[in-house]
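See below for the structure under consideration.
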Amino acid sequence: MNLTEITEGNTKLLIPKHRELSKRDVVFFNPEMQLSRDISVIIANTVKAEKFCDVLAGTGARGIRIANESKIKEIVINDKNPRAYELISMNRKLNDVDVRIENLDANVLLSKERFDFIDIDPFGTPVRFIDSALRSIMNNGILSITATDTSALCGTHPRACIRKYDSIPLRTDYYNELGLRILIAYIGRSALRYNIAVVPIFSHCTRHYFRAYLIAKRSRRLANNTIEKIKFIAHCFNCLKRKYISLNEIDDLYCECGHRFRIAGRLWADTLADKKFCGDMLKTLRTLNSLGEINFSLGLEKLIGLIGSEQDVVKPYYDIHKIFKRLKMPSLSMSKIEEMLSENNIILRRTHFSNIGIRTDADVEDLYAILG
């Protein structure tokens, strides 16, 4: 292996010098996932976890960073690729960290041990690892799960989404939010089989991937409550109205504007993060920044704050350009939109999903009336 040394956070990493960013890569490493690994480090420093497992580790970057940059005591880093195992061993030695390295199939490892923090970061869909992770996770443990098959989840390849996630996607203006909601709903529905309720504490959509952090609560009562949070969405492509509906409401639905609703789901119809936990993450980030030991990605504090703020509204965001296009008028500035909605006592939150997206409790008819 031809290697090069980089520094991420305050951790030195040996990575392959020539990368393909594909399954054919000798050992997979994606530099664009540094933000994702930064967030993992912050969460590892925010929660009280004892035993962390990076089950699809590649170079071991995430697990080595958590060993080097957090206080979690027991860390297992695994990859079934023998070359990855060698590289993880080199990175362990380079940083002088106490971690256990395994060279097993991820599902085999998860069937043998239990953890209270499990990270699943595959190339593509995570679905074939979800059941094993749910059986392995301890009560009140954290599942952190990545999906990079965004073309399926966002509606470009609907049959792939139906096949993998048993859910119908829809190519709406908020397609990326629907994709994340479909992913979380799949995890939530899988958890119900084990009397586990999943609670999203932090989720985000960044570039080519979705990422969700969820607490797994082993409780039949809470699992029953989870059922109410998994719904469908009815979307009108004519007037842009959208609303969550339950299974018994699905019929030949028509919007008030006279056009037929299109249906997507099942999907998660509750918050995508916990507002208080986002606040705790910000405190952790500021503390770590004050120590000056870890170089985090630019804009990370803004991202966490934005995700926390937008949980005040559960309804999917509106693309403001689409709103003004239907009004047949030029778009107003975001500050002007915020002022006009505030005057009418309507909540407005910006969203991390889109620079031109707004999350509001207003129906689309109200937006047209106020902004038109």
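Chain labels run A, B, ... following the order of the structure tokens; each chain numbers its residues from 1, and ligands are numbered from 1 in the order shown.
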
List every residue of segment 19-253 of chain A that DSSP, applied to the backbone of this structure, assigns to helix (DSSP H, G or I), and report them as a ChimeraX atom specification. /A:31-46,61-69,82-95,106-112,127-136,150-153,158-165,175-192,220-227,247-249

Using only C-alpha atoms, determine which residues lie at most 7 Å from Arg266 of chain A, disregarding the query and same-chain residues fewer than 6 positions distant; provide the list as a PyMOL selection string. chain A and resi 167-168+182+185+230-232

For the residues in that selection, give me N, CA and C atoms as a short mmCIF file (atom, residue, chain, number, x, y, z; two decimals), in the first residue's frame.
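After the write, part-v9.cif holds the following:
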data_model
loop_
_atom_site.label_atom_id
_atom_site.label_comp_id
_atom_site.auth_asym_id
_atom_site.auth_seq_id
_atom_site.Cartn_x
_atom_site.Cartn_y
_atom_site.Cartn_z
N SER A 167 -40.37 1.49 1.24
CA SER A 167 -41.00 2.80 1.33
C SER A 167 -41.00 3.44 -0.05
N ILE A 168 -42.04 4.22 -0.32
CA ILE A 168 -42.17 4.91 -1.60
C ILE A 168 -41.60 6.32 -1.45
N ILE A 182 -37.29 8.75 5.50
CA ILE A 182 -37.49 7.36 5.11
C ILE A 182 -36.46 6.47 5.80
N ALA A 185 -37.37 6.13 9.50
CA ALA A 185 -38.56 5.29 9.65
C ALA A 185 -38.21 3.82 9.47
N ILE A 230 -44.58 7.14 12.70
CA ILE A 230 -44.25 6.65 11.36
C ILE A 230 -45.51 6.75 10.50
N LYS A 231 -45.47 7.63 9.52
CA LYS A 231 -46.66 7.93 8.72
C LYS A 231 -46.33 7.99 7.24
N PHE A 232 -47.25 8.56 6.49
CA PHE A 232 -47.07 8.86 5.08
C PHE A 232 -47.18 10.37 4.91
#

Using only C-alpha atoms, determine which residues lie at most 12 Å from segment 3-16 of chain A, disregarding the query and same-chain residues fewer than 2 positions distant; provide the list as a PyMOL selection string. chain A and resi 1+18-21+25-42+58-70+83-84+86-97+288-289+291-298

How many Å separate atom CA of Ile130 of chain A from atom CA of Lys71 of chain A?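 About the pair atom CA of Ile130 of chain A and atom CA of Lys71 of chain A: they are 26.2 Å apart.
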
Using only C-alpha atoms, which residue out of A:His208, A:Arg189, A:Ser111, A:Ser203 lies closest to Phe123 of chain A? A:His208

Report the closest atom pair, with its distance in Å rounded to one decimal, for each residue of segment 113-184 of chain A that has an atom no farther than 10 Å from segment 233-236 of chain A; count only C-alpha atoms, sort by chain and then rising residue number, and write it as a Markdown table.
| residue | atom | partner | partner_atom | distance |
| --- | --- | --- | --- | --- |
| A:Pro169 | CA | A:Ile233 | CA | 9.9 |
| A:Leu170 | CA | A:His235 | CA | 8.8 |
| A:Thr172 | CA | A:His235 | CA | 8.0 |
| A:Leu178 | CA | A:Ile233 | CA | 9.1 |

Report as a list in words all protein, DNA and RNA residues lying within 10 Å of Arg128 of chain A, evaluated on only C-alpha atoms, omitting residues in the same chain fewer than 4 positions from it. Ala106, Asn107, Pro122, Ser132, Ala133 and Lys164 of chain A

Please dump the current selection as a PDB file, in the first residue's frame; keep C-alpha atoms.
ATOM      1  CA  ALA A 106     -19.781  -6.735  10.700  1.00  0.00           C
ATOM      2  CA  ASN A 107     -22.857  -8.879  11.358  1.00  0.00           C
ATOM      3  CA  PRO A 122     -21.213   1.585   4.878  1.00  0.00           C
ATOM      4  CA  SER A 132     -27.692  -7.036  13.946  1.00  0.00           C
ATOM      5  CA  ALA A 133     -27.074  -3.587  15.401  1.00  0.00           C
ATOM      6  CA  LYS A 164     -34.357  -1.720   0.233  1.00  0.00           C
TER       7      LYS A 164
END

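By chain and then residue number, the residues within 8 Å of Asp121 of chain A are Val55, Leu56, Ala57, Pro126, Ile145, Thr146 and Ala147 of chain A, counting only C-alpha atoms and disregarding those fewer than 3 positions away in sequence.
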
Could you write out that same residue set with N, CA and C atoms as a compact mmCIF listing (two decimals), in the first residue's frame?
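Now in selection-v5.txt:
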# COMPACT_ATOMS: atom_id res chain seq x y z
N VAL A 55 -18.00 -0.56 13.22
CA VAL A 55 -18.06 -1.91 12.65
C VAL A 55 -17.62 -2.00 11.20
N LEU A 56 -17.60 -0.87 10.49
CA LEU A 56 -17.18 -0.84 9.09
C LEU A 56 -16.12 0.26 8.95
N ALA A 57 -14.95 0.00 9.49
CA ALA A 57 -14.03 1.09 9.82
C ALA A 57 -13.17 1.60 8.68
N PRO A 126 -27.30 0.95 4.53
CA PRO A 126 -26.97 0.27 5.78
C PRO A 126 -27.94 -0.85 6.15
N ILE A 145 -25.89 5.92 12.21
CA ILE A 145 -26.06 5.18 10.95
C ILE A 145 -25.98 6.13 9.77
N THR A 146 -25.19 5.75 8.77
CA THR A 146 -25.03 6.52 7.55
C THR A 146 -25.66 5.78 6.38
N ALA A 147 -26.26 6.53 5.46
CA ALA A 147 -26.71 5.98 4.16
C ALA A 147 -26.17 6.89 3.06

Can you measure atom CA of Ala191 of chain A to atom CA of Tyr213 of chain A for me? One decimal in Å is fine.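 A separation of 14.1 Å between them.
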
To one decimal place, how far is atom CA of Leu143 of chain A from atom CA of Arg218 of chain A in Å?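 Computing it gives 13.1 Å between the two atoms.
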
Within 6 Å of Lys217 of chain A using only C-alpha atoms, minus same-chain residues under 5 positions, as a short mmCIF file (atom, residue, chain, number, x, y, z; two decimals) with N, CA and C atoms, in the first residue's frame:
data_model
loop_
_atom_site.label_atom_id
_atom_site.label_comp_id
_atom_site.auth_asym_id
_atom_site.auth_seq_id
_atom_site.Cartn_x
_atom_site.Cartn_y
_atom_site.Cartn_z
N ASN A 139 -29.56 -1.13 26.19
CA ASN A 139 -30.65 -0.20 26.49
C ASN A 139 -30.09 1.21 26.67
N ASN A 140 -30.73 2.17 26.02
CA ASN A 140 -30.31 3.58 26.02
C ASN A 140 -28.97 3.79 25.33
N ILE A 196 -38.05 -2.17 20.72
CA ILE A 196 -37.15 -1.03 20.91
C ILE A 196 -37.78 0.20 20.27
N ALA A 197 -37.74 1.30 20.99
CA ALA A 197 -38.13 2.60 20.43
C ALA A 197 -36.85 3.37 20.12
#

Would you return as an mmCIF file with N, CA and C atoms, in the first residue's frame the members of segment 154-242 of chain A that DSSP assigns to strand (DSSP E) on this structure's backbone?
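Written file, part_16.cif:
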data_model
loop_
_atom_site.group_PDB
_atom_site.id
_atom_site.type_symbol
_atom_site.label_atom_id
_atom_site.label_comp_id
_atom_site.auth_asym_id
_atom_site.auth_seq_id
_atom_site.Cartn_x
_atom_site.Cartn_y
_atom_site.Cartn_z
ATOM 1 N N ILE A 196 -38.053 -2.173 20.724
ATOM 2 C CA ILE A 196 -37.152 -1.034 20.907
ATOM 3 C C ILE A 196 -37.783 0.199 20.269
ATOM 4 N N ALA A 197 -37.741 1.303 20.985
ATOM 5 C CA ALA A 197 -38.129 2.599 20.431
ATOM 6 C C ALA A 197 -36.855 3.369 20.115
ATOM 7 N N VAL A 198 -36.774 3.935 18.914
ATOM 8 C CA VAL A 198 -35.620 4.765 18.574
ATOM 9 C C VAL A 198 -36.018 6.235 18.659
ATOM 10 N N VAL A 199 -35.121 7.034 19.211
ATOM 11 C CA VAL A 199 -35.369 8.466 19.386
ATOM 12 C C VAL A 199 -34.224 9.225 18.717
ATOM 13 N N PRO A 200 -34.475 9.927 17.610
ATOM 14 C CA PRO A 200 -33.397 10.688 16.966
ATOM 15 C C PRO A 200 -32.915 11.822 17.876
ATOM 16 N N ILE A 201 -31.622 11.866 18.121
ATOM 17 C CA ILE A 201 -31.063 12.968 18.914
ATOM 18 C C ILE A 201 -30.297 13.947 18.029
ATOM 19 N N PHE A 202 -29.847 13.484 16.856
ATOM 20 C CA PHE A 202 -29.184 14.381 15.908
ATOM 21 C C PHE A 202 -29.163 13.694 14.548
ATOM 22 N N SER A 203 -29.608 14.400 13.518
ATOM 23 C CA SER A 203 -29.604 13.855 12.166
ATOM 24 C C SER A 203 -29.274 14.974 11.205
ATOM 25 N N HIS A 204 -28.616 14.618 10.118
ATOM 26 C CA HIS A 204 -28.320 15.661 9.130
ATOM 27 C C HIS A 204 -28.144 15.064 7.744
ATOM 28 N N CYS A 205 -28.299 15.929 6.759
ATOM 29 C CA CYS A 205 -28.052 15.603 5.355
ATOM 30 C C CYS A 205 -26.909 16.490 4.890
ATOM 31 N N THR A 206 -25.809 15.889 4.494
ATOM 32 C CA THR A 206 -24.639 16.650 4.063
ATOM 33 C C THR A 206 -24.097 16.046 2.780
ATOM 34 N N TYR A 209 -24.611 12.197 1.584
ATOM 35 C CA TYR A 209 -24.994 11.175 2.561
ATOM 36 C C TYR A 209 -25.998 11.700 3.579
ATOM 37 N N PHE A 210 -26.715 10.740 4.194
ATOM 38 C CA PHE A 210 -27.574 10.996 5.337
ATOM 39 C C PHE A 210 -26.920 10.363 6.562
ATOM 40 N N ARG A 211 -27.138 11.011 7.708
ATOM 41 C CA ARG A 211 -26.548 10.504 8.940
ATOM 42 C C ARG A 211 -27.545 10.694 10.069
ATOM 43 N N ALA A 212 -27.801 9.648 10.838
ATOM 44 C CA ALA A 212 -28.758 9.717 11.946
ATOM 45 C C ALA A 212 -28.142 9.122 13.202
ATOM 46 N N TYR A 213 -28.294 9.831 14.317
ATOM 47 C CA TYR A 213 -27.896 9.349 15.639
ATOM 48 C C TYR A 213 -29.178 9.132 16.433
ATOM 49 N N LEU A 214 -29.358 7.923 16.955
ATOM 50 C CA LEU A 214 -30.606 7.582 17.629
ATOM 51 C C LEU A 214 -30.328 6.867 18.944
ATOM 52 N N ILE A 215 -31.104 7.183 19.975
ATOM 53 C CA ILE A 215 -31.059 6.421 21.219
ATOM 54 C C ILE A 215 -32.023 5.244 21.097
ATOM 55 N N ALA A 216 -31.570 4.068 21.476
ATOM 56 C CA ALA A 216 -32.391 2.854 21.423
ATOM 57 C C ALA A 216 -32.911 2.552 22.828
ATOM 58 N N LYS A 217 -34.220 2.664 23.012
ATOM 59 C CA LYS A 217 -34.840 2.429 24.320
ATOM 60 C C LYS A 217 -35.619 1.122 24.286
ATOM 61 N N ARG A 218 -35.225 0.186 25.099
ATOM 62 C CA ARG A 218 -35.893 -1.116 25.134
ATOM 63 C C ARG A 218 -37.131 -1.019 26.020
ATOM 64 N N ILE A 230 -44.585 7.141 12.703
ATOM 65 C CA ILE A 230 -44.253 6.650 11.364
ATOM 66 C C ILE A 230 -45.508 6.751 10.505
ATOM 67 N N LYS A 231 -45.471 7.632 9.521
ATOM 68 C CA LYS A 231 -46.663 7.929 8.722
ATOM 69 C C LYS A 231 -46.331 7.991 7.241
ATOM 70 N N PHE A 232 -47.253 8.561 6.492
ATOM 71 C CA PHE A 232 -47.074 8.857 5.078
ATOM 72 C C PHE A 232 -47.177 10.373 4.914
ATOM 73 N N ILE A 233 -46.796 10.855 3.743
ATOM 74 C CA ILE A 233 -47.002 12.272 3.460
ATOM 75 C C ILE A 233 -47.760 12.406 2.147
ATOM 76 N N ALA A 234 -48.739 13.305 2.145
ATOM 77 C CA ALA A 234 -49.486 13.631 0.926
ATOM 78 C C ALA A 234 -48.948 14.950 0.393
ATOM 79 N N HIS A 235 -48.529 14.964 -0.865
ATOM 80 C CA HIS A 235 -47.924 16.155 -1.468
ATOM 81 C C HIS A 235 -48.655 16.515 -2.750
ATOM 82 N N ARG A 242 -48.489 20.145 1.588
ATOM 83 C CA ARG A 242 -48.032 18.848 2.084
ATOM 84 C C ARG A 242 -48.569 18.623 3.481
#

Across A:His352, A:Asp274, A:Trp268, A:Thr150, the smallest distance to Leu300 of chain A, with only C-alpha atoms counted, is shown by A:His352

Segment 305-310 of chain A environment, 10 Å, only C-alpha atoms, sequence neighbours closer than 2 positions dropped, as a VMD selection string: chain A and resid 201 to 204 271 to 279 281 to 282 300 to 303 312 to 314 317 348 to 353 358 to 360

Nearest-residue call for Lys51 of chain A, choices A:Leu104, A:Leu134, A:Gly141, A:Ile250, using only C-alpha atoms: A:Gly141
